[in-house]
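Asks: Pasting my_file.cif below, which is mmCIF, N, CA and C atoms.
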data_entry
loop_
_atom_site.label_atom_id
_atom_site.label_comp_id
_atom_site.auth_asym_id
_atom_site.auth_seq_id
_atom_site.Cartn_x
_atom_site.Cartn_y
_atom_site.Cartn_z
N MET N 1 119.13 167.62 59.92
CA MET N 1 120.18 168.03 60.81
C MET N 1 120.72 169.40 60.40
N VAL N 2 120.70 169.66 59.10
CA VAL N 2 121.12 170.98 58.64
C VAL N 2 120.18 172.04 59.19
N PHE N 3 118.89 171.77 59.17
CA PHE N 3 117.90 172.72 59.69
C PHE N 3 118.12 172.96 61.19
N ILE N 4 118.35 171.89 61.95
CA ILE N 4 118.57 172.04 63.39
C ILE N 4 119.85 172.84 63.64
N THR N 5 120.91 172.54 62.89
CA THR N 5 122.17 173.27 63.07
C THR N 5 121.99 174.75 62.74
N PHE N 6 121.35 175.03 61.62
CA PHE N 6 121.11 176.42 61.22
C PHE N 6 120.27 177.14 62.27
N SER N 7 119.18 176.51 62.70
CA SER N 7 118.29 177.13 63.68
C SER N 7 118.98 177.36 65.02
N SER N 8 119.91 176.50 65.35
CA SER N 8 120.61 176.62 66.63
C SER N 8 121.68 177.69 66.61
N LEU N 9 122.26 177.96 65.46
CA LEU N 9 123.40 178.88 65.40
C LEU N 9 123.08 180.24 64.78
N TYR N 10 121.97 180.35 64.07
CA TYR N 10 121.61 181.61 63.43
C TYR N 10 121.10 182.60 64.48
N SER N 11 121.45 183.85 64.31
CA SER N 11 120.98 184.89 65.23
C SER N 11 119.62 185.39 64.77
N PHE N 12 118.63 185.19 65.60
CA PHE N 12 117.28 185.66 65.31
C PHE N 12 117.04 186.99 66.02
N LYS N 13 118.06 187.82 66.08
CA LYS N 13 117.98 189.12 66.75
C LYS N 13 116.88 189.96 66.11
N GLY N 14 116.00 190.50 66.94
CA GLY N 14 114.91 191.32 66.46
C GLY N 14 113.64 190.54 66.16
N PHE N 15 113.72 189.23 66.22
CA PHE N 15 112.53 188.40 65.96
C PHE N 15 111.71 188.30 67.23
N LYS N 16 110.44 188.62 67.12
CA LYS N 16 109.53 188.50 68.26
C LYS N 16 108.79 187.18 68.13
N GLY N 17 109.09 186.24 68.99
CA GLY N 17 108.46 184.93 68.95
C GLY N 17 107.32 184.84 69.94
N SER N 18 106.80 183.64 70.10
CA SER N 18 105.68 183.41 71.01
C SER N 18 106.14 183.13 72.43
N SER N 19 107.43 183.31 72.72
CA SER N 19 107.94 183.00 74.05
C SER N 19 107.38 183.95 75.11
N ASP N 20 106.81 185.08 74.66
CA ASP N 20 106.19 185.98 75.62
C ASP N 20 104.91 185.36 76.20
N PHE N 21 104.24 184.53 75.41
CA PHE N 21 102.98 183.93 75.83
C PHE N 21 103.20 182.61 76.57
N ILE N 22 104.17 181.84 76.15
CA ILE N 22 104.43 180.53 76.74
C ILE N 22 105.85 180.51 77.28
N PRO N 23 106.00 180.54 78.61
CA PRO N 23 107.35 180.50 79.17
C PRO N 23 108.05 179.19 78.81
N HIS N 24 109.32 179.30 78.48
CA HIS N 24 110.17 178.14 78.14
C HIS N 24 109.66 177.36 76.93
N ALA N 25 108.98 178.03 76.01
CA ALA N 25 108.47 177.37 74.80
C ALA N 25 109.61 176.84 73.96
N ASP N 26 110.79 177.45 74.06
CA ASP N 26 111.92 176.98 73.27
C ASP N 26 112.35 175.56 73.67
N LYS N 27 112.11 175.20 74.92
CA LYS N 27 112.45 173.83 75.36
C LYS N 27 111.56 172.81 74.66
N LEU N 28 110.31 173.16 74.46
CA LEU N 28 109.39 172.28 73.74
C LEU N 28 109.83 172.14 72.28
N VAL N 29 110.29 173.22 71.68
CA VAL N 29 110.78 173.19 70.31
C VAL N 29 112.02 172.30 70.22
N HIS N 30 112.94 172.45 71.17
CA HIS N 30 114.13 171.58 71.21
C HIS N 30 113.71 170.12 71.30
N PHE N 31 112.79 169.83 72.19
CA PHE N 31 112.31 168.46 72.38
C PHE N 31 111.74 167.89 71.08
N ILE N 32 110.88 168.65 70.42
CA ILE N 32 110.23 168.19 69.19
C ILE N 32 111.24 167.99 68.07
N PHE N 33 112.18 168.93 67.91
CA PHE N 33 113.19 168.80 66.85
C PHE N 33 113.99 167.52 67.02
N TYR N 34 114.43 167.25 68.23
CA TYR N 34 115.28 166.09 68.46
C TYR N 34 114.48 164.79 68.48
N PHE N 35 113.23 164.86 68.86
CA PHE N 35 112.33 163.70 68.76
C PHE N 35 112.21 163.28 67.30
N VAL N 36 111.88 164.24 66.45
CA VAL N 36 111.70 163.97 65.02
C VAL N 36 113.03 163.54 64.39
N ALA N 37 114.12 164.20 64.75
CA ALA N 37 115.43 163.85 64.19
C ALA N 37 115.82 162.42 64.55
N CYS N 38 115.53 161.99 65.76
CA CYS N 38 115.85 160.63 66.17
C CYS N 38 115.00 159.62 65.40
N VAL N 39 113.73 159.89 65.28
CA VAL N 39 112.83 158.98 64.55
C VAL N 39 113.29 158.86 63.10
N LEU N 40 113.53 159.98 62.44
CA LEU N 40 113.98 159.95 61.05
C LEU N 40 115.35 159.30 60.92
N GLY N 41 116.21 159.53 61.90
CA GLY N 41 117.54 158.93 61.89
C GLY N 41 117.50 157.42 61.98
N VAL N 42 116.61 156.90 62.81
CA VAL N 42 116.47 155.44 62.92
C VAL N 42 115.99 154.87 61.59
N PHE N 43 115.00 155.51 60.98
CA PHE N 43 114.54 155.05 59.67
C PHE N 43 115.66 155.14 58.63
N PHE N 44 116.46 156.19 58.70
CA PHE N 44 117.56 156.38 57.76
C PHE N 44 118.59 155.25 57.91
N ILE N 45 118.96 154.94 59.15
CA ILE N 45 119.92 153.85 59.38
C ILE N 45 119.38 152.53 58.86
N ARG N 46 118.13 152.24 59.16
CA ARG N 46 117.54 150.98 58.70
C ARG N 46 117.47 150.93 57.16
N GLU N 47 117.14 152.04 56.53
CA GLU N 47 117.05 152.07 55.08
C GLU N 47 118.46 151.99 54.46
N LEU N 48 119.40 152.73 55.01
CA LEU N 48 120.75 152.76 54.48
C LEU N 48 121.41 151.38 54.54
N THR N 49 121.14 150.64 55.61
CA THR N 49 121.76 149.32 55.79
C THR N 49 120.85 148.20 55.28
N ARG N 50 119.72 148.58 54.69
CA ARG N 50 118.74 147.61 54.19
C ARG N 50 118.32 146.63 55.27
N GLY N 51 118.21 147.13 56.49
CA GLY N 51 117.72 146.32 57.60
C GLY N 51 118.75 145.44 58.25
N SER N 52 120.02 145.52 57.84
CA SER N 52 121.02 144.65 58.46
C SER N 52 121.37 145.10 59.87
N VAL N 53 121.17 146.37 60.19
CA VAL N 53 121.35 146.85 61.57
C VAL N 53 120.04 146.63 62.30
N ARG N 54 120.12 145.93 63.40
CA ARG N 54 118.92 145.65 64.18
C ARG N 54 118.30 146.95 64.69
N LEU N 55 117.00 146.93 64.88
CA LEU N 55 116.27 148.12 65.28
C LEU N 55 116.79 148.67 66.61
N LYS N 56 117.04 147.80 67.58
CA LYS N 56 117.54 148.25 68.89
C LYS N 56 118.89 148.95 68.75
N LYS N 57 119.76 148.41 67.89
CA LYS N 57 121.06 149.03 67.68
C LYS N 57 120.90 150.40 67.01
N ALA N 58 119.97 150.51 66.08
CA ALA N 58 119.70 151.80 65.44
C ALA N 58 119.21 152.81 66.46
N PHE N 59 118.38 152.35 67.43
CA PHE N 59 117.93 153.25 68.50
C PHE N 59 119.13 153.79 69.28
N VAL N 60 120.00 152.89 69.68
CA VAL N 60 121.16 153.28 70.49
C VAL N 60 122.05 154.24 69.71
N ILE N 61 122.33 153.91 68.45
CA ILE N 61 123.18 154.77 67.63
C ILE N 61 122.59 156.18 67.53
N MET N 62 121.29 156.27 67.25
CA MET N 62 120.68 157.59 67.07
C MET N 62 120.56 158.36 68.37
N VAL N 63 120.22 157.69 69.46
CA VAL N 63 120.11 158.41 70.74
C VAL N 63 121.48 158.96 71.13
N VAL N 64 122.51 158.15 71.04
CA VAL N 64 123.86 158.63 71.38
C VAL N 64 124.27 159.76 70.45
N ALA N 65 124.03 159.60 69.15
CA ALA N 65 124.39 160.64 68.19
C ALA N 65 123.64 161.95 68.47
N MET N 66 122.34 161.85 68.77
CA MET N 66 121.55 163.06 69.03
C MET N 66 121.98 163.75 70.33
N VAL N 67 122.27 162.98 71.37
CA VAL N 67 122.71 163.56 72.63
C VAL N 67 124.05 164.27 72.44
N VAL N 68 124.99 163.60 71.79
CA VAL N 68 126.31 164.20 71.54
C VAL N 68 126.17 165.44 70.66
N PHE N 69 125.37 165.34 69.60
CA PHE N 69 125.16 166.48 68.71
C PHE N 69 124.55 167.66 69.46
N GLY N 70 123.53 167.37 70.29
CA GLY N 70 122.88 168.44 71.05
C GLY N 70 123.82 169.13 72.01
N VAL N 71 124.67 168.38 72.67
CA VAL N 71 125.65 168.97 73.59
C VAL N 71 126.67 169.81 72.82
N ILE N 72 127.15 169.28 71.70
CA ILE N 72 128.12 170.03 70.89
C ILE N 72 127.52 171.34 70.39
N ILE N 73 126.28 171.32 69.93
CA ILE N 73 125.62 172.55 69.47
C ILE N 73 125.53 173.57 70.60
N GLU N 74 125.18 173.12 71.79
CA GLU N 74 125.08 174.05 72.92
C GLU N 74 126.44 174.64 73.29
N VAL N 75 127.48 173.84 73.22
CA VAL N 75 128.84 174.34 73.49
C VAL N 75 129.25 175.35 72.42
N ILE N 76 128.95 175.04 71.16
CA ILE N 76 129.27 175.98 70.07
C ILE N 76 128.50 177.28 70.25
N GLN N 77 127.23 177.20 70.63
CA GLN N 77 126.46 178.42 70.89
C GLN N 77 127.11 179.25 71.98
N HIS N 78 127.54 178.61 73.02
CA HIS N 78 128.13 179.32 74.17
C HIS N 78 129.48 179.94 73.81
N GLU N 79 130.31 179.21 73.08
CA GLU N 79 131.68 179.64 72.83
C GLU N 79 131.86 180.51 71.59
N PHE N 80 131.08 180.28 70.54
CA PHE N 80 131.41 180.87 69.25
C PHE N 80 130.36 181.80 68.66
N THR N 81 129.23 182.00 69.31
CA THR N 81 128.23 182.92 68.76
C THR N 81 128.14 184.16 69.64
N LEU N 82 127.73 185.26 69.03
CA LEU N 82 127.64 186.51 69.77
C LEU N 82 126.26 186.71 70.40
N ASN N 83 125.21 186.30 69.71
CA ASN N 83 123.86 186.58 70.17
C ASN N 83 123.14 185.36 70.72
N ARG N 84 123.80 184.21 70.81
CA ARG N 84 123.18 182.99 71.31
C ARG N 84 123.94 182.53 72.54
N GLU N 85 123.25 181.83 73.41
CA GLU N 85 123.88 181.30 74.61
C GLU N 85 123.60 179.81 74.72
N GLY N 86 124.61 179.06 75.09
CA GLY N 86 124.41 177.65 75.36
C GLY N 86 123.63 177.49 76.67
N ASP N 87 122.79 176.49 76.74
CA ASP N 87 121.95 176.30 77.92
C ASP N 87 121.88 174.81 78.25
N PHE N 88 122.17 174.49 79.50
CA PHE N 88 122.10 173.11 79.97
C PHE N 88 120.70 172.53 79.75
N PHE N 89 119.68 173.32 80.01
CA PHE N 89 118.31 172.83 79.88
C PHE N 89 117.89 172.61 78.42
N ASP N 90 118.51 173.37 77.50
CA ASP N 90 118.30 173.09 76.08
C ASP N 90 118.89 171.72 75.73
N ALA N 91 120.10 171.46 76.21
CA ALA N 91 120.74 170.16 75.96
C ALA N 91 119.92 169.04 76.59
N LEU N 92 119.35 169.30 77.75
CA LEU N 92 118.51 168.30 78.41
C LEU N 92 117.24 168.04 77.60
N ALA N 93 116.62 169.10 77.09
CA ALA N 93 115.42 168.95 76.25
C ALA N 93 115.76 168.20 74.96
N ASN N 94 116.93 168.50 74.38
CA ASN N 94 117.38 167.77 73.19
C ASN N 94 117.48 166.28 73.49
N SER N 95 118.14 165.97 74.59
CA SER N 95 118.37 164.57 74.97
C SER N 95 117.06 163.85 75.26
N LEU N 96 116.18 164.51 75.98
CA LEU N 96 114.89 163.89 76.29
C LEU N 96 114.05 163.68 75.03
N GLY N 97 114.15 164.60 74.09
CA GLY N 97 113.44 164.43 72.82
C GLY N 97 113.95 163.22 72.06
N ALA N 98 115.26 163.05 72.00
CA ALA N 98 115.85 161.90 71.29
C ALA N 98 115.47 160.59 71.98
N ILE N 99 115.57 160.56 73.29
CA ILE N 99 115.23 159.35 74.05
C ILE N 99 113.75 159.02 73.87
N SER N 100 112.92 160.04 73.90
CA SER N 100 111.47 159.82 73.72
C SER N 100 111.16 159.33 72.31
N GLY N 101 111.85 159.88 71.32
CA GLY N 101 111.64 159.43 69.95
C GLY N 101 111.97 157.95 69.80
N ALA N 102 113.08 157.53 70.37
CA ALA N 102 113.45 156.11 70.33
C ALA N 102 112.45 155.27 71.12
N GLY N 103 111.98 155.80 72.23
CA GLY N 103 111.00 155.07 73.04
C GLY N 103 109.68 154.86 72.32
N VAL N 104 109.22 155.90 71.64
CA VAL N 104 107.96 155.79 70.88
C VAL N 104 108.13 154.79 69.74
N LEU N 105 109.25 154.88 69.02
CA LEU N 105 109.48 153.91 67.95
C LEU N 105 109.57 152.49 68.49
N ASN N 106 110.21 152.34 69.62
CA ASN N 106 110.31 151.01 70.23
C ASN N 106 108.92 150.48 70.56
N TYR N 107 108.07 151.34 71.07
CA TYR N 107 106.70 150.93 71.39
C TYR N 107 105.93 150.56 70.12
N VAL N 108 106.05 151.38 69.10
CA VAL N 108 105.31 151.15 67.86
C VAL N 108 105.75 149.84 67.19
N PHE N 109 107.05 149.59 67.20
CA PHE N 109 107.58 148.42 66.51
C PHE N 109 107.88 147.25 67.44
N SER N 110 107.39 147.27 68.67
CA SER N 110 107.69 146.21 69.62
C SER N 110 106.84 144.96 69.41
N ASN N 111 105.77 145.08 68.66
CA ASN N 111 104.92 143.93 68.38
C ASN N 111 105.72 142.91 67.57
N ARG N 112 105.66 141.66 67.94
CA ARG N 112 106.44 140.62 67.26
C ARG N 112 105.95 140.39 65.83
N GLN N 113 104.72 140.72 65.56
CA GLN N 113 104.17 140.54 64.23
C GLN N 113 104.55 141.74 63.36
N ALA N 114 104.88 141.49 62.12
CA ALA N 114 105.26 142.58 61.21
C ALA N 114 104.06 143.49 60.96
N LEU N 115 104.36 144.74 60.71
CA LEU N 115 103.29 145.70 60.39
C LEU N 115 102.71 145.35 59.03
N LYS N 116 101.42 145.50 58.93
CA LYS N 116 100.75 145.23 57.66
C LYS N 116 100.23 146.55 57.10
N TRP N 117 100.62 146.85 55.88
CA TRP N 117 100.21 148.09 55.25
C TRP N 117 99.14 147.79 54.22
N LYS N 118 98.11 148.60 54.24
CA LYS N 118 97.06 148.49 53.21
C LYS N 118 97.40 149.42 52.07
N ILE N 119 97.24 148.91 50.87
CA ILE N 119 97.57 149.73 49.70
C ILE N 119 96.29 150.05 48.96
#
How would this structure read if it were set down as structure tokens?
Replies:
Amino acid sequence: MVFITFSSLYSFKGFKGSSDFIPHADKLVHFIFYFVACVLGVFFIRELTRGSVRLKKAFVIMVVAMVVFGVIIEVIQHEFTLNREGDFFDALANSLGAISGAGVLNYVFSNRQALKWKI
């Protein structure tokens, strides 16, 4: 989350990215960051509580947290930075990434049988 916050608020003025080649590539980056953050957040909640928080509840907690965090970051970009602008579509990409991360985890762990790991 520190990396996402830093990347969202730091001014990359003068940096030439690949956005010239791929239009709206930053939306894909937003999606991927929040997808990964949601997945890691769910694992963090489950590990922190030693599994006492049900998986579905961890999904809800992380999706809500990621959506709220993404909106707050966009508002901060719009109101408090000089070289960055808040964008509704960035917040939408953030939210879709978090929802997708929870959806993929739900799919992976939806099998009633416990996962078996080979060592």
Asks: List the residues selected by the PyMOL selection byres ((chain N and resi 95) around 8) in the file shown, writing them as JSON, numbers by chain.
Replies: {"N": [30, 31, 34, 35, 63, 66, 67, 68, 70, 71, 89, 90, 91, 92, 93, 94, 96, 97, 98, 99, 100, 101]}
Asks: So how many Å separate atom N of Arg54 (chain N) and CA of Ser110 (chain N), to one decimal?
Replies: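 Value for the atom N of Arg54 (chain N)-CA of Ser110 (chain N) distance: 13.9 Å.
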Asks: Evaluating the PyMOL selection byres (((chain N and resi 56 and name CA) around 10) and name CA) on the displayed file yields which residues, as a list in words?
Replies: Val42, Val53, Arg54, Leu55, Lys57, Ala58, Phe59, Val60, Ile61, Ala102, Leu105 and Asn106 of chain N
Asks: So the first atom is atom N of Val29 (chain N) and the second is atom C of Ile72 (chain N); what is the distance between them in Å, to one decimal place?
Replies: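 Going from atom N of Val29 (chain N) over to atom C of Ile72 (chain N), I get 17.4 Å.
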